[in-house]
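Participant: Input file: query-v8.pdb. Contents: PDB, C-alpha atoms.
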```pdb
ATOM      1  CA  MET A 122      57.819  10.517   1.539
ATOM      2  CA  SER A 123      59.929  10.789   4.692
ATOM      3  CA  LYS A 124      59.085   9.356   8.110
ATOM      4  CA  LEU A 125      55.985  10.862   9.665
ATOM      5  CA  SER A 126      55.407  11.623  13.337
ATOM      6  CA  THR A 127      53.009  13.865  15.210
ATOM      7  CA  GLN A 128      53.473  16.609  17.766
ATOM      8  CA  THR A 129      50.848  18.255  19.907
ATOM      9  CA  SER A 130      50.579  22.032  19.916
ATOM     10  CA  LYS A 131      49.152  24.180  22.677
ATOM     11  CA  LEU A 132      49.395  27.391  20.670
ATOM     12  CA  LEU A 133      48.022  26.357  17.293
ATOM     13  CA  PRO A 134      44.373  26.476  18.476
ATOM     14  CA  LEU A 135      44.842  30.110  19.519
ATOM     15  CA  LEU A 136      45.515  31.075  15.907
ATOM     16  CA  PHE A 137      42.000  30.032  14.971
ATOM     17  CA  GLN A 138      40.167  31.221  18.057
ATOM     18  CA  HIS A 139      38.899  34.582  16.860
ATOM     19  CA  LEU A 140      38.509  34.135  13.126
ATOM     20  CA  ASP A 141      35.743  36.107  11.463
ATOM     21  CA  GLU A 142      33.581  33.439   9.811
ATOM     22  CA  GLU A 143      32.061  36.048   7.515
ATOM     23  CA  ARG A 144      35.226  36.459   5.507
ATOM     24  CA  ALA A 145      37.967  34.287   4.120
ATOM     25  CA  VAL A 146      41.092  33.886   6.217
ATOM     26  CA  THR A 147      44.369  34.489   4.402
ATOM     27  CA  VAL A 148      47.216  32.229   5.478
ATOM     28  CA  LEU A 149      50.930  32.107   4.713
ATOM     29  CA  HIS A 150      52.393  28.638   5.201
ATOM     30  CA  VAL A 151      56.184  28.663   4.897
ATOM     31  CA  GLY A 152      56.885  25.137   3.773
ATOM     32  CA  LEU A 153      55.662  22.357   1.556
ATOM     33  CA  ALA A 154      51.969  21.910   0.882
ATOM     34  CA  LEU A 155      50.945  18.681   2.576
ATOM     35  CA  PRO A 156      47.725  16.670   2.211
ATOM     36  CA  GLU A 157      46.726  16.981   5.857
ATOM     37  CA  THR A 158      47.249  20.759   5.882
ATOM     38  CA  VAL A 159      45.035  21.254   2.844
ATOM     39  CA  GLU A 160      42.457  18.887   4.352
ATOM     40  CA  PHE A 161      42.543  20.811   7.642
ATOM     41  CA  PHE A 162      41.990  24.159   5.932
ATOM     42  CA  SER A 163      39.210  22.750   3.760
ATOM     43  CA  ASN A 164      36.972  23.343   6.793
ATOM     44  CA  TYR A 165      37.634  27.068   6.536
ATOM     45  CA  ARG A 166      36.826  29.666   3.940
ATOM     46  CA  CYS A 167      40.418  30.540   3.207
ATOM     47  CA  LYS A 168      43.200  31.467   0.851
ATOM     48  CA  LEU A 169      46.400  29.529   1.514
ATOM     49  CA  HIS A 170      49.788  30.593   0.223
ATOM     50  CA  PHE A 171      52.328  27.772   0.288
ATOM     51  CA  ILE A 172      55.909  28.914  -0.134
ATOM     52  CA  ASP A 173      58.836  26.681   0.723
ATOM     53  CA  VAL A 174      61.747  28.987   1.438
ATOM     54  CA  PHE A 175      64.045  26.209   2.658
ATOM     55  CA  PRO A 176      65.470  25.140  -0.738
ATOM     56  CA  ALA A 177      66.659  28.754  -1.189
ATOM     57  CA  LEU A 178      68.615  28.820   2.081
ATOM     58  CA  PRO A 179      70.924  30.362   3.049
ATOM     59  CA  ILE A 180      69.497  33.813   2.313
ATOM     60  CA  ILE A 181      72.647  35.909   2.105
ATOM     61  CA  ALA A 182      73.615  38.977   0.109
ATOM     62  CA  THR A 183      75.677  38.041  -2.951
ATOM     63  CA  GLU A 184      78.063  40.071  -5.098
ATOM     64  CA  GLU A 185      77.841  38.094  -8.329
ATOM     65  CA  PRO A 186      75.087  38.599  -9.250
ATOM     66  CA  ALA A 187      74.559  41.487  -6.845
ATOM     67  CA  THR A 188      71.452  40.752  -4.834
ATOM     68  CA  THR A 189      70.347  41.864  -1.418
ATOM     69  CA  GLN A 190      68.527  39.611   1.013
ATOM     70  CA  ALA A 191      65.395  41.723   0.542
ATOM     71  CA  GLN A 192      65.566  41.184  -3.238
ATOM     72  CA  GLN A 193      65.812  37.444  -2.696
ATOM     73  CA  PHE A 194      62.778  37.478  -0.404
ATOM     74  CA  ARG A 195      60.829  39.568  -2.918
ATOM     75  CA  GLU A 196      61.440  36.857  -5.506
ATOM     76  CA  LEU A 197      60.530  34.108  -3.073
ATOM     77  CA  LEU A 198      57.399  35.841  -1.763
ATOM     78  CA  PRO A 199      55.712  37.396  -4.807
ATOM     79  CA  PHE A 200      52.440  38.419  -3.148
ATOM     80  CA  SER A 201      49.980  40.681  -4.911
ATOM     81  CA  SER A 202      49.718  44.148  -3.359
ATOM     82  CA  ASN A 203      46.274  43.422  -1.888
ATOM     83  CA  THR A 204      47.397  40.277  -0.031
ATOM     84  CA  VAL A 205      47.167  40.785   3.741
ATOM     85  CA  PHE A 206      47.719  37.807   5.999
ATOM     86  CA  ASP A 207      45.589  36.914   9.002
ATOM     87  CA  ILE A 208      47.843  33.998   9.944
ATOM     88  CA  CYS A 209      51.517  33.341   9.171
ATOM     89  CA  LEU A 210      52.985  29.897   9.818
ATOM     90  CA  PHE A 211      56.740  30.410   9.873
ATOM     91  CA  TRP A 212      57.549  27.141  11.659
ATOM     92  CA  ASP A 213      61.370  26.793  11.962
ATOM     93  CA  LEU A 214      62.340  29.520   9.510
ATOM     94  CA  PHE A 215      63.827  32.038  11.959
ATOM     95  CA  ASN A 216      66.316  29.429  13.178
ATOM     96  CA  PHE A 217      67.849  29.351   9.702
ATOM     97  CA  LEU A 218      68.048  33.105   9.019
ATOM     98  CA  ASP A 219      70.678  35.493  10.314
ATOM     99  CA  ALA A 220      69.635  38.827  11.831
ATOM    100  CA  GLU A 221      69.920  40.715   8.515
ATOM    101  CA  ALA A 222      67.849  38.079   6.730
ATOM    102  CA  ILE A 223      65.074  38.277   9.328
ATOM    103  CA  GLN A 224      65.007  42.061   8.953
ATOM    104  CA  ALA A 225      64.918  41.674   5.164
ATOM    105  CA  LEU A 226      62.073  39.171   5.478
ATOM    106  CA  PHE A 227      59.964  41.629   7.435
ATOM    107  CA  THR A 228      60.842  44.478   5.076
ATOM    108  CA  VAL A 229      59.160  42.401   2.378
ATOM    109  CA  MET A 230      56.365  41.076   4.613
ATOM    110  CA  ARG A 231      55.418  44.389   6.274
ATOM    111  CA  PRO A 232      52.933  45.556   3.578
ATOM    112  CA  HIS A 233      51.190  42.184   3.869
ATOM    113  CA  LEU A 234      50.680  42.257   7.627
ATOM    114  CA  LYS A 235      48.094  44.119   9.665
ATOM    115  CA  LYS A 236      47.341  44.860  13.269
ATOM    116  CA  GLY A 237      46.118  41.575  14.714
ATOM    117  CA  THR A 238      47.973  39.269  12.328
ATOM    118  CA  LEU A 239      48.909  36.133  14.256
ATOM    119  CA  ALA A 240      51.955  34.015  13.595
ATOM    120  CA  HIS A 241      53.356  30.694  14.730
ATOM    121  CA  ALA A 242      57.052  29.886  14.942
ATOM    122  CA  PHE A 243      59.537  27.608  16.615
ATOM    123  CA  SER A 244      62.522  29.097  18.366
ATOM    124  CA  VAL A 245      64.957  27.938  21.046
ATOM    125  CA  HIS A 246      65.262  28.455  24.759
ATOM    126  CA  ASN A 247      68.959  27.708  24.573
ATOM    127  CA  ARG A 248      71.037  28.498  21.484
ATOM    128  CA  LYS A 249      72.766  25.145  21.853
ATOM    129  CA  ALA A 250      69.479  23.402  21.139
ATOM    130  CA  PRO A 251      70.131  20.748  18.465
ATOM    131  CA  GLN A 252      69.066  21.387  14.891
ATOM    132  CA  LYS A 253      65.690  20.000  13.927
ATOM    133  CA  ASN A 254      65.538  19.292  10.251
ATOM    134  CA  ASN A 255      61.795  18.958   9.930
ATOM    135  CA  PHE A 256      58.876  20.296   8.021
ATOM    136  CA  TYR A 257      55.374  20.550   9.350
ATOM    137  CA  GLY A 258      51.754  20.012   8.476
ATOM    138  CA  ILE A 259      48.543  20.501  10.421
ATOM    139  CA  GLN A 260      46.751  17.299  11.335
ATOM    140  CA  GLN A 261      44.110  18.863  13.536
ATOM    141  CA  LEU A 262      43.595  21.989  15.601
ATOM    142  CA  ASP A 263      46.039  20.920  18.300
ATOM    143  CA  ALA A 264      48.322  18.508  16.465
ATOM    144  CA  LEU A 265      51.058  18.879  13.871
ATOM    145  CA  THR A 266      52.569  16.310  11.568
ATOM    146  CA  VAL A 267      56.359  16.303  11.467
ATOM    147  CA  ARG A 268      58.466  14.951   8.619
ATOM    148  CA  ASP A 269      62.231  14.907   8.085
ATOM    149  CA  ARG A 270      63.659  17.074   5.336
ATOM    150  CA  GLN A 271      65.623  15.134   2.717
ATOM    151  CA  SER A 272      68.330  17.811   2.528
ATOM    152  CA  THR A 273      69.864  19.645   5.467
ATOM    153  CA  PRO A 274      70.209  23.444   5.392
ATOM    154  CA  HIS A 275      73.712  24.309   6.664
ATOM    155  CA  CYS A 276      72.757  27.661   8.125
ATOM    156  CA  TYR A 277      71.215  26.670  11.440
ATOM    157  CA  ALA A 278      71.980  29.517  13.845
ATOM    158  CA  PRO A 279      69.089  30.032  16.254
ATOM    159  CA  HIS A 280      68.696  33.355  18.003
ATOM    160  CA  SER A 281      68.307  33.912  21.695
ATOM    161  CA  GLN A 282      64.824  34.902  22.814
ATOM    162  CA  ARG A 283      65.934  38.480  23.394
ATOM    163  CA  GLU A 284      67.562  38.753  19.942
ATOM    164  CA  LEU A 285      64.602  37.233  18.173
ATOM    165  CA  THR A 286      62.087  39.435  19.957
ATOM    166  CA  ALA A 287      64.081  42.487  18.865
ATOM    167  CA  LEU A 288      64.241  41.242  15.254
ATOM    168  CA  LEU A 289      60.564  40.423  14.823
ATOM    169  CA  ASP A 290      59.622  43.918  13.718
ATOM    170  CA  ASP A 291      56.437  44.888  15.536
ATOM    171  CA  PHE A 292      55.324  41.339  16.226
ATOM    172  CA  ARG A 293      55.355  40.662  19.914
ATOM    173  CA  VAL A 294      55.539  37.271  21.583
ATOM    174  CA  GLU A 295      52.021  36.744  22.867
ATOM    175  CA  ARG A 296      52.665  33.301  24.355
ATOM    176  CA  SER A 297      55.477  30.771  24.385
ATOM    177  CA  VAL A 298      55.631  27.120  25.380
ATOM    178  CA  LEU A 299      58.801  25.272  26.322
ATOM    179  CA  LEU A 300      59.224  22.063  24.320
ATOM    180  CA  PRO A 301      61.675  19.172  24.659
ATOM    181  CA  ASP A 302      65.263  19.752  23.472
ATOM    182  CA  SER A 303      65.212  23.372  24.682
ATOM    183  CA  ARG A 304      62.890  24.404  21.893
ATOM    184  CA  LEU A 305      60.145  26.995  22.129
ATOM    185  CA  GLU A 306      56.814  27.234  20.419
ATOM    186  CA  LEU A 307      55.835  30.876  19.874
ATOM    187  CA  LEU A 308      52.558  32.645  19.239
ATOM    188  CA  LEU A 309      53.235  36.082  17.773
ATOM    189  CA  LEU A 310      50.837  39.005  17.483
ATOM    190  CA  LYS A 311      51.282  41.995  15.198
ATOM    191  CA  SER A 312      50.495  45.146  17.124
TER     192      SER A 312
ATOM    193  CA  MET B 104      41.690  12.229 -25.232
ATOM    194  CA  ILE B 105      44.777  14.184 -26.204
ATOM    195  CA  GLY B 106      47.415  11.502 -26.764
ATOM    196  CA  PRO B 107      50.997  11.508 -25.517
ATOM    197  CA  SER B 108      52.513  12.715 -28.802
ATOM    198  CA  ILE B 109      49.957  15.498 -29.388
ATOM    199  CA  VAL B 110      50.871  19.160 -28.797
ATOM    200  CA  ILE B 111      48.109  21.784 -28.778
ATOM    201  CA  LYS B 112      48.742  25.521 -28.642
ATOM    202  CA  GLY B 113      45.655  27.666 -28.174
ATOM    203  CA  GLU B 114      42.275  27.382 -26.488
ATOM    204  CA  VAL B 115      40.579  24.059 -25.792
ATOM    205  CA  THR B 116      36.812  24.240 -25.239
ATOM    206  CA  GLY B 117      34.007  21.682 -25.338
ATOM    207  CA  GLU B 118      31.197  19.935 -23.555
ATOM    208  CA  GLU B 119      32.657  16.569 -22.672
ATOM    209  CA  ASP B 120      35.248  15.186 -20.316
ATOM    210  CA  LEU B 121      38.856  15.377 -21.453
ATOM    211  CA  LEU B 122      41.962  13.317 -20.675
ATOM    212  CA  ILE B 123      45.265  14.988 -21.533
ATOM    213  CA  GLN B 124      48.266  12.690 -21.972
ATOM    214  CA  GLY B 125      50.107  15.101 -24.264
ATOM    215  CA  ARG B 126      51.024  18.766 -24.070
ATOM    216  CA  VAL B 127      48.676  21.756 -24.054
ATOM    217  CA  GLU B 128      49.759  25.397 -24.050
ATOM    218  CA  GLY B 129      47.202  28.201 -23.825
ATOM    219  CA  ARG B 130      43.810  27.862 -22.143
ATOM    220  CA  ILE B 131      41.435  25.007 -21.310
ATOM    221  CA  ASN B 132      37.787  25.809 -20.728
ATOM    222  CA  LEU B 133      35.431  22.882 -20.068
ATOM    223  CA  ASN B 134      33.167  24.523 -17.546
ATOM    224  CA  GLY B 135      30.644  21.730 -17.066
ATOM    225  CA  ASN B 136      32.998  18.788 -17.360
ATOM    226  CA  GLN B 137      36.027  17.008 -15.971
ATOM    227  CA  VAL B 138      39.573  17.584 -17.126
ATOM    228  CA  SER B 139      42.118  14.912 -16.230
ATOM    229  CA  ILE B 140      45.807  15.391 -16.808
ATOM    230  CA  GLY B 141      47.452  11.990 -17.135
ATOM    231  CA  GLU B 142      50.898  11.114 -15.812
ATOM    232  CA  SER B 143      52.507  11.958 -19.148
ATOM    233  CA  GLY B 144      50.421  15.114 -19.534
ATOM    234  CA  GLU B 145      52.048  18.561 -19.476
ATOM    235  CA  VAL B 146      49.833  21.619 -19.360
ATOM    236  CA  TYR B 147      51.047  25.204 -19.542
ATOM    237  CA  ALA B 148      47.647  26.802 -19.404
ATOM    238  CA  ASP B 149      44.935  28.199 -17.195
ATOM    239  CA  ILE B 150      42.254  25.538 -16.679
ATOM    240  CA  GLN B 151      38.547  25.993 -15.960
ATOM    241  CA  ALA B 152      36.382  22.919 -15.445
ATOM    242  CA  LYS B 153      33.881  21.370 -13.079
ATOM    243  CA  VAL B 154      36.324  18.770 -11.779
ATOM    244  CA  ILE B 155      40.061  18.817 -12.422
ATOM    245  CA  GLN B 156      42.239  15.775 -11.664
ATOM    246  CA  ILE B 157      45.969  16.208 -12.037
ATOM    247  CA  ASN B 158      48.314  13.228 -12.326
ATOM    248  CA  GLY B 159      50.871  15.036 -14.501
ATOM    249  CA  LYS B 160      52.386  18.500 -14.651
ATOM    250  CA  VAL B 161      50.475  21.793 -14.710
ATOM    251  CA  THR B 162      51.829  25.329 -14.782
ATOM    252  CA  GLY B 163      48.958  27.802 -14.710
ATOM    253  CA  ASP B 164      45.965  28.941 -12.719
ATOM    254  CA  ILE B 165      43.234  26.382 -12.016
ATOM    255  CA  ASN B 166      39.561  27.073 -11.430
ATOM    256  CA  GLY B 167      37.560  24.011 -10.434
ATOM    257  CA  HIS B 168      33.857  24.735 -10.006
ATOM    258  CA  GLU B 169      33.384  21.600  -7.896
ATOM    259  CA  LYS B 170      36.778  20.209  -6.892
ATOM    260  CA  VAL B 171      40.438  19.885  -7.749
ATOM    261  CA  ILE B 172      42.441  16.731  -7.017
ATOM    262  CA  ILE B 173      46.224  16.630  -7.226
ATOM    263  CA  SER B 174      47.320  12.996  -7.237
ATOM    264  CA  LYS B 175      50.574  11.620  -5.860
ATOM    265  CA  SER B 176      52.255  11.947  -9.251
ATOM    266  CA  GLY B 177      50.864  15.453  -9.808
ATOM    267  CA  ASN B 178      53.029  18.564  -9.934
ATOM    268  CA  VAL B 179      51.280  21.941  -9.963
ATOM    269  CA  HIS B 180      52.721  25.446 -10.057
ATOM    270  CA  GLY B 181      49.929  28.004  -9.975
ATOM    271  CA  ASN B 182      46.954  29.295  -8.061
ATOM    272  CA  ILE B 183      43.895  27.142  -7.410
ATOM    273  CA  VAL B 184      40.351  28.360  -6.817
ATOM    274  CA  ALA B 185      37.858  25.631  -5.924
ATOM    275  CA  PRO B 186      35.307  24.876  -3.217
ATOM    276  CA  ARG B 187      37.248  21.717  -2.381
ATOM    277  CA  VAL B 188      40.877  20.769  -3.001
ATOM    278  CA  THR B 189      42.477  17.404  -2.312
ATOM    279  CA  LEU B 190      46.234  16.890  -2.275
ATOM    280  CA  GLU B 191      47.435  13.296  -2.204
ATOM    281  CA  ASP B 192      50.572  12.213  -0.375
ATOM    282  CA  GLY B 193      53.555  12.880  -2.616
ATOM    283  CA  ALA B 194      51.852  15.542  -4.733
ATOM    284  CA  MET B 195      53.929  18.646  -5.443
ATOM    285  CA  PHE B 196      52.243  22.037  -5.225
ATOM    286  CA  LYS B 197      53.553  25.580  -5.291
ATOM    287  CA  GLY B 198      51.161  28.509  -5.215
ATOM    288  CA  SER B 199      47.962  29.478  -3.465
ATOM    289  CA  ILE B 200      44.706  27.649  -2.779
ATOM    290  CA  ASP B 201      41.443  29.548  -2.424
ATOM    291  CA  MET B 202      38.765  27.311  -0.847
ATOM    292  CA  ASP B 203      35.226  27.835   0.396
ATOM    293  CA  PRO B 204      33.610  24.815   2.094
ATOM    294  CA  ALA B 205      30.223  26.583   2.185
ATOM    295  CA  VAL B 206      30.173  26.579  -1.614
ATOM    296  CA  ALA B 207      31.248  22.915  -1.634
ATOM    297  CA  ASN B 208      28.461  21.963   0.762
ATOM    298  CA  ALA B 209      25.894  24.034  -1.130
ATOM    299  CA  GLY B 210      27.031  22.354  -4.348
ATOM    300  CA  ARG B 211      26.599  18.898  -2.861
ATOM    301  CA  THR B 212      23.122  19.809  -1.616
ATOM    302  CA  THR B 213      22.142  21.202  -4.998
ATOM    303  CA  VAL B 214      23.454  18.179  -6.864
ATOM    304  CA  ALA B 215      21.737  15.774  -4.462
ATOM    305  CA  ALA B 216      18.470  17.671  -4.661
ATOM    306  CA  HIS B 217      18.421  17.781  -8.460
ATOM    307  CA  GLN B 218      20.096  14.530  -9.428
ATOM    308  CA  PRO B 219      17.598  12.178 -11.036
ATOM    309  CA  SER B 220      17.972   8.444 -10.453
ATOM    310  CA  GLN B 221      20.301   6.593 -12.833
ATOM    311  CA  ALA B 222      17.531   4.233 -13.902
ATOM    312  CA  SER B 223      15.419   7.063 -15.260
ATOM    313  CA  THR B 224      18.193   8.782 -17.218
ATOM    314  CA  PRO B 225      20.522   6.275 -18.894
ATOM    315  CA  GLN B 226      20.960   8.586 -21.888
ATOM    316  CA  LEU B 227      22.896  11.122 -19.746
ATOM    317  CA  LYS B 228      26.028   9.028 -20.208
ATOM    318  CA  ALA B 229      26.236  10.156 -23.817
ATOM    319  CA  SER B 230      29.411  12.054 -24.552
ATOM    320  CA  GLY B 231      29.107  15.825 -24.844
ATOM    321  CA  LEU B 232      25.540  16.087 -23.487
ATOM    322  CA  ASP B 233      24.827  19.249 -21.572
ATOM    323  CA  LEU B 234      23.305  18.039 -18.294
ATOM    324  CA  LYS B 235      21.901  21.466 -17.471
ATOM    325  CA  SER B 236      19.587  21.368 -20.483
ATOM    326  CA  VAL B 237      17.936  18.052 -19.472
TER     327      VAL B 237
END
```
Translate the structure described by the file into structure tokens.
Facilitator:
Amino acid sequence: MSKLSTQTSKLLPLLFQHLDEERAVTVLHVGLALPETVEFFSNYRCKLHFIDVFPALPIIATEEPATTQAQQFRELLPFSSNTVFDICLFWDLFNFLDAEAIQALFTVMRPHLKKGTLAHAFSVHNRKAPQKNNFYGIQQLDALTVRDRQSTPHCYAPHSQRELTALLDDFRVERSVLLPDSRLELLLLKS
Amino acid sequence: MIGPSIVIKGEVTGEEDLLIQGRVEGRINLNGNQVSIGESGEVYADIQAKVIQINGKVTGDINGHEKVIISKSGNVHGNIVAPRVTLEDGAMFKGSIDMDPAVANAGRTTVAAHQPSQASTPQLKASGLDLKSV
């Protein structure tokens, strides 16, 4: 397993602030299933969906065989029709998708989101922010574990805040926190 | 035990713990017992058991009535339903996990409340004995 470090998070606790304890929380975690993440969620009545999209990057339309980006996301995210997420943990994903791919992602995700769905993502304050090649776990309510990916996706092209906000369908940026290296931590709310 | 060279296609049922070192395709139903998949084990089946420990490869849905443990050498592709799930460092998992700690805690309370002392029940170690009938 790759080198492990930790990172505090001011926004992660807000995802769990208003959960209804009477029903299970449904969570999408874009990335590898990690021991600490499963351990963290074992305190909640929950259904966790772990899907690592990164090995499939870049998500681009191809001619041979002819596939659209939306078709590729449908194969990667095969949720049952009754799956509706309370929390989506996108982590770094948007920094590795072009504008069309982000739109295709939300075309596929839209039926599985609801008003009030919360999401967490990392973005950049400055598009020249260096590539972070990490994947994340949840150590505790306000702390993430960070590991290095073994392979490097060659499609890092982060969006400006304005671009990303426009691309995020009807998610709005509820809060953002400036991090070192011109990175941003985002809390998104589906309206 | 299902040995490394054994291949089973169909449904496996019973009332004792099972270690799978070979290959099973179909369905495994050992509701009151533990199923362990050894490092050489390959299972292409839905599994139902009280405790499920995975050191090998499983493709299928897993229902652990008490807990599911995926060890560092484990590789699971499927959906897990269990009150408690443990993933060890290095384990590979793709799918969903449905957990309910309230059920896990209730289960622990029930087991603790009803578990007789070991000294008074040595015969319970016998293979295949249904504990619920004691």
Participant: Using the file's own x, y and z axes, so that the box edges lie along x, y and z, what centre and edge lengths in Å (one decimal) does a box around every listed atom of segment 156-165 of chain B get when 8 Å is added on each side? Give it as JSON.
Facilitator:
```
{"center_x": 47.3, "center_y": 21.1, "center_z": -13.2, "size_x": 26.1, "size_y": 31.7, "size_z": 19.1}
```
Participant: Considering only C-alpha atoms, can you say which of B:Pro204, B:Gly167, B:Pro186, B:Gly177 comes closest to Glu145 of chain B?
Facilitator: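 Comparing B:Pro204, B:Gly167, B:Pro186, B:Gly177 against Glu145 of chain B, the winner is B:Gly177.
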Participant: Which residue out of A:Leu153, A:Val205, A:Leu300, A:Val267 has the minimum interatomic distance to chain B when all atoms listed in the file are used?
Facilitator: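 Answer, going by the shortest atom-to-atom distance: A:Leu153.
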Participant: I'd like the residues picked by the ChimeraX specification (/A :<9) & /B written out as a PyMOL selection string, using the chain letters and numbers from the file.
Facilitator: chain B and resi 182+184+186-205
Participant: Please evaluate the PyMOL selection byres ((chain A and resi 303-311) around 6) against the displayed coordinates and give the resulting residues as a list of chain:residue names.
Facilitator: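 Applied to this file, the PyMOL selection byres ((chain A and resi 303-311) around 6) selects A:Lys236, A:Gly237, A:Thr238, A:Leu239, A:Ala240, A:His241, A:Ala242, A:Phe243, A:Ser244, A:Val245, A:His246, A:Asn247, A:Ala250, A:Asp291, A:Phe292, A:Arg293, A:Val294, A:Glu295, A:Arg296, A:Ser297, A:Val298, A:Leu299, A:Leu300, A:Pro301, A:Asp302, A:Ser312.
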Participant: When distances are computed from only C-alpha atoms, which of A:Asp269, A:Asp219, A:Phe256, A:Leu210 shows the smallest separation from Ala182 of chain A?
Facilitator: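 Between A:Asp269, A:Asp219, A:Phe256, A:Leu210, the residue approaching Ala182 of chain A most closely is A:Asp219.
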Participant: Using all atoms listed in the file, determine which residues lie at most 8 Å from Leu121 of chain B, disregarding the query and same-chain residues fewer than 6 positions distant; provide the list as a VMD selection string.
Facilitator: chain B and resid 104 to 105 136 to 139
Participant: Name the residues, using the chain letters and numbers of the file, that sit within 12 Å of (36.3, 27.3, -13.0) when counting only C-alpha atoms, and give them as a short mmCIF file (atom, residue, chain, number, x, y, z; two decimals) with C-alpha atoms, in the frame of the given file.
Facilitator:
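selection-v8.cif, written as the output of this step:
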```
data_model
loop_
_atom_site.label_atom_id
_atom_site.label_comp_id
_atom_site.auth_asym_id
_atom_site.auth_seq_id
_atom_site.Cartn_x
_atom_site.Cartn_y
_atom_site.Cartn_z
CA ARG B 130 43.81 27.86 -22.14
CA ILE B 131 41.44 25.01 -21.31
CA ASN B 132 37.79 25.81 -20.73
CA LEU B 133 35.43 22.88 -20.07
CA ASN B 134 33.17 24.52 -17.55
CA GLY B 135 30.64 21.73 -17.07
CA ASN B 136 33.00 18.79 -17.36
CA GLN B 137 36.03 17.01 -15.97
CA VAL B 138 39.57 17.58 -17.13
CA ASP B 149 44.94 28.20 -17.20
CA ILE B 150 42.25 25.54 -16.68
CA GLN B 151 38.55 25.99 -15.96
CA ALA B 152 36.38 22.92 -15.44
CA LYS B 153 33.88 21.37 -13.08
CA VAL B 154 36.32 18.77 -11.78
CA ILE B 155 40.06 18.82 -12.42
CA ASP B 164 45.96 28.94 -12.72
CA ILE B 165 43.23 26.38 -12.02
CA ASN B 166 39.56 27.07 -11.43
CA GLY B 167 37.56 24.01 -10.43
CA HIS B 168 33.86 24.74 -10.01
CA GLU B 169 33.38 21.60 -7.90
CA LYS B 170 36.78 20.21 -6.89
CA VAL B 171 40.44 19.89 -7.75
CA ASN B 182 46.95 29.30 -8.06
CA ILE B 183 43.90 27.14 -7.41
CA VAL B 184 40.35 28.36 -6.82
CA ALA B 185 37.86 25.63 -5.92
CA PRO B 186 35.31 24.88 -3.22
CA ASP B 201 41.44 29.55 -2.42
#
```
Participant: Counting only C-alpha atoms, which of A:Glu284, A:Glu185, A:Asp141, A:Asp207 gets nearest to Ala220 of chain A?
Facilitator: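 Under the stated criterion, the closest residue is A:Glu284.
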Participant: Step by step, work through what the PyMOL selection byres ((chain B and resi 160) around 7) selects in the shown file, and finish by giving those residues as a list of chain:residue names.
Facilitator: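 Here the PyMOL selection byres ((chain B and resi 160) around 7) matches B:Gly144, B:Glu145, B:Val146, B:Gly159, B:Val161, B:Thr162, B:Gly177, B:Asn178, B:Val179.
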Participant: Go ahead and write the selection's residues with C-alpha atoms as an mmCIF file, in the frame of the given file.
Facilitator:
```cif
data_model
loop_
_atom_site.group_PDB
_atom_site.id
_atom_site.type_symbol
_atom_site.label_atom_id
_atom_site.label_comp_id
_atom_site.auth_asym_id
_atom_site.auth_seq_id
_atom_site.Cartn_x
_atom_site.Cartn_y
_atom_site.Cartn_z
ATOM 1 C CA GLY B 144 50.421 15.114 -19.534
ATOM 2 C CA GLU B 145 52.048 18.561 -19.476
ATOM 3 C CA VAL B 146 49.833 21.619 -19.360
ATOM 4 C CA GLY B 159 50.871 15.036 -14.501
ATOM 5 C CA VAL B 161 50.475 21.793 -14.710
ATOM 6 C CA THR B 162 51.829 25.329 -14.782
ATOM 7 C CA GLY B 177 50.864 15.453 -9.808
ATOM 8 C CA ASN B 178 53.029 18.564 -9.934
ATOM 9 C CA VAL B 179 51.280 21.941 -9.963
#
```
Participant: Calculate how many Å separate atom CA of Phe206 of chain A from atom CA of Gly181 of chain B, rounding to one decimal.
Facilitator: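 Computing the Euclidean distance for atom CA of Phe206 of chain A and atom CA of Gly181 of chain B yields 18.9 Å.
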Participant: To one decimal in Å, tell me the separation between atom CA of Pro107 of chain B and atom CA of Arg126 of chain B.
Facilitator: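 One can read the atom CA of Pro107 of chain B to atom CA of Arg126 of chain B distance as 7.4 Å.
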Participant: Please, what distance in Å, to one decimal, runs between atom CA of Asn255 of chain A and atom CA of Ile223 of chain A?
Facilitator: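 Here the two named atoms are 19.6 Å from each other.
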Participant: Compile the contact shell of Arg248 of chain A as a list of chain:residue names: residues with an atom at most 8 Å away, counting only C-alpha atoms, same-chain residues fewer than 4 positions apart removed.
Facilitator: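 Listed by chain and then number, they are A:Ala278, A:Pro279, A:His280, A:Ser281.
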Participant: My structure is short of atoms at segment 219-224 of chain A; please model N, CA and C atoms there, returning them as a compact mmCIF listing (two decimals), keeping the file's coordinate frame.
Facilitator:
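The result, stored in out26.txt:
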```txt
# COMPACT_ATOMS: atom_id res chain seq x y z
N ASP A 219 69.91 34.61 9.44
CA ASP A 219 70.68 35.49 10.31
C ASP A 219 69.87 36.77 10.56
N ALA A 220 70.39 37.63 11.42
CA ALA A 220 69.64 38.83 11.83
C ALA A 220 69.25 39.69 10.63
N GLU A 221 70.19 39.87 9.69
CA GLU A 221 69.92 40.72 8.52
C GLU A 221 68.82 40.08 7.65
N ALA A 222 68.86 38.76 7.55
CA ALA A 222 67.85 38.08 6.73
C ALA A 222 66.46 38.20 7.35
N ILE A 223 66.38 38.12 8.68
CA ILE A 223 65.07 38.28 9.33
C ILE A 223 64.55 39.70 9.10
N GLN A 224 65.44 40.68 9.21
CA GLN A 224 65.01 42.06 8.95
C GLN A 224 64.56 42.22 7.50
```
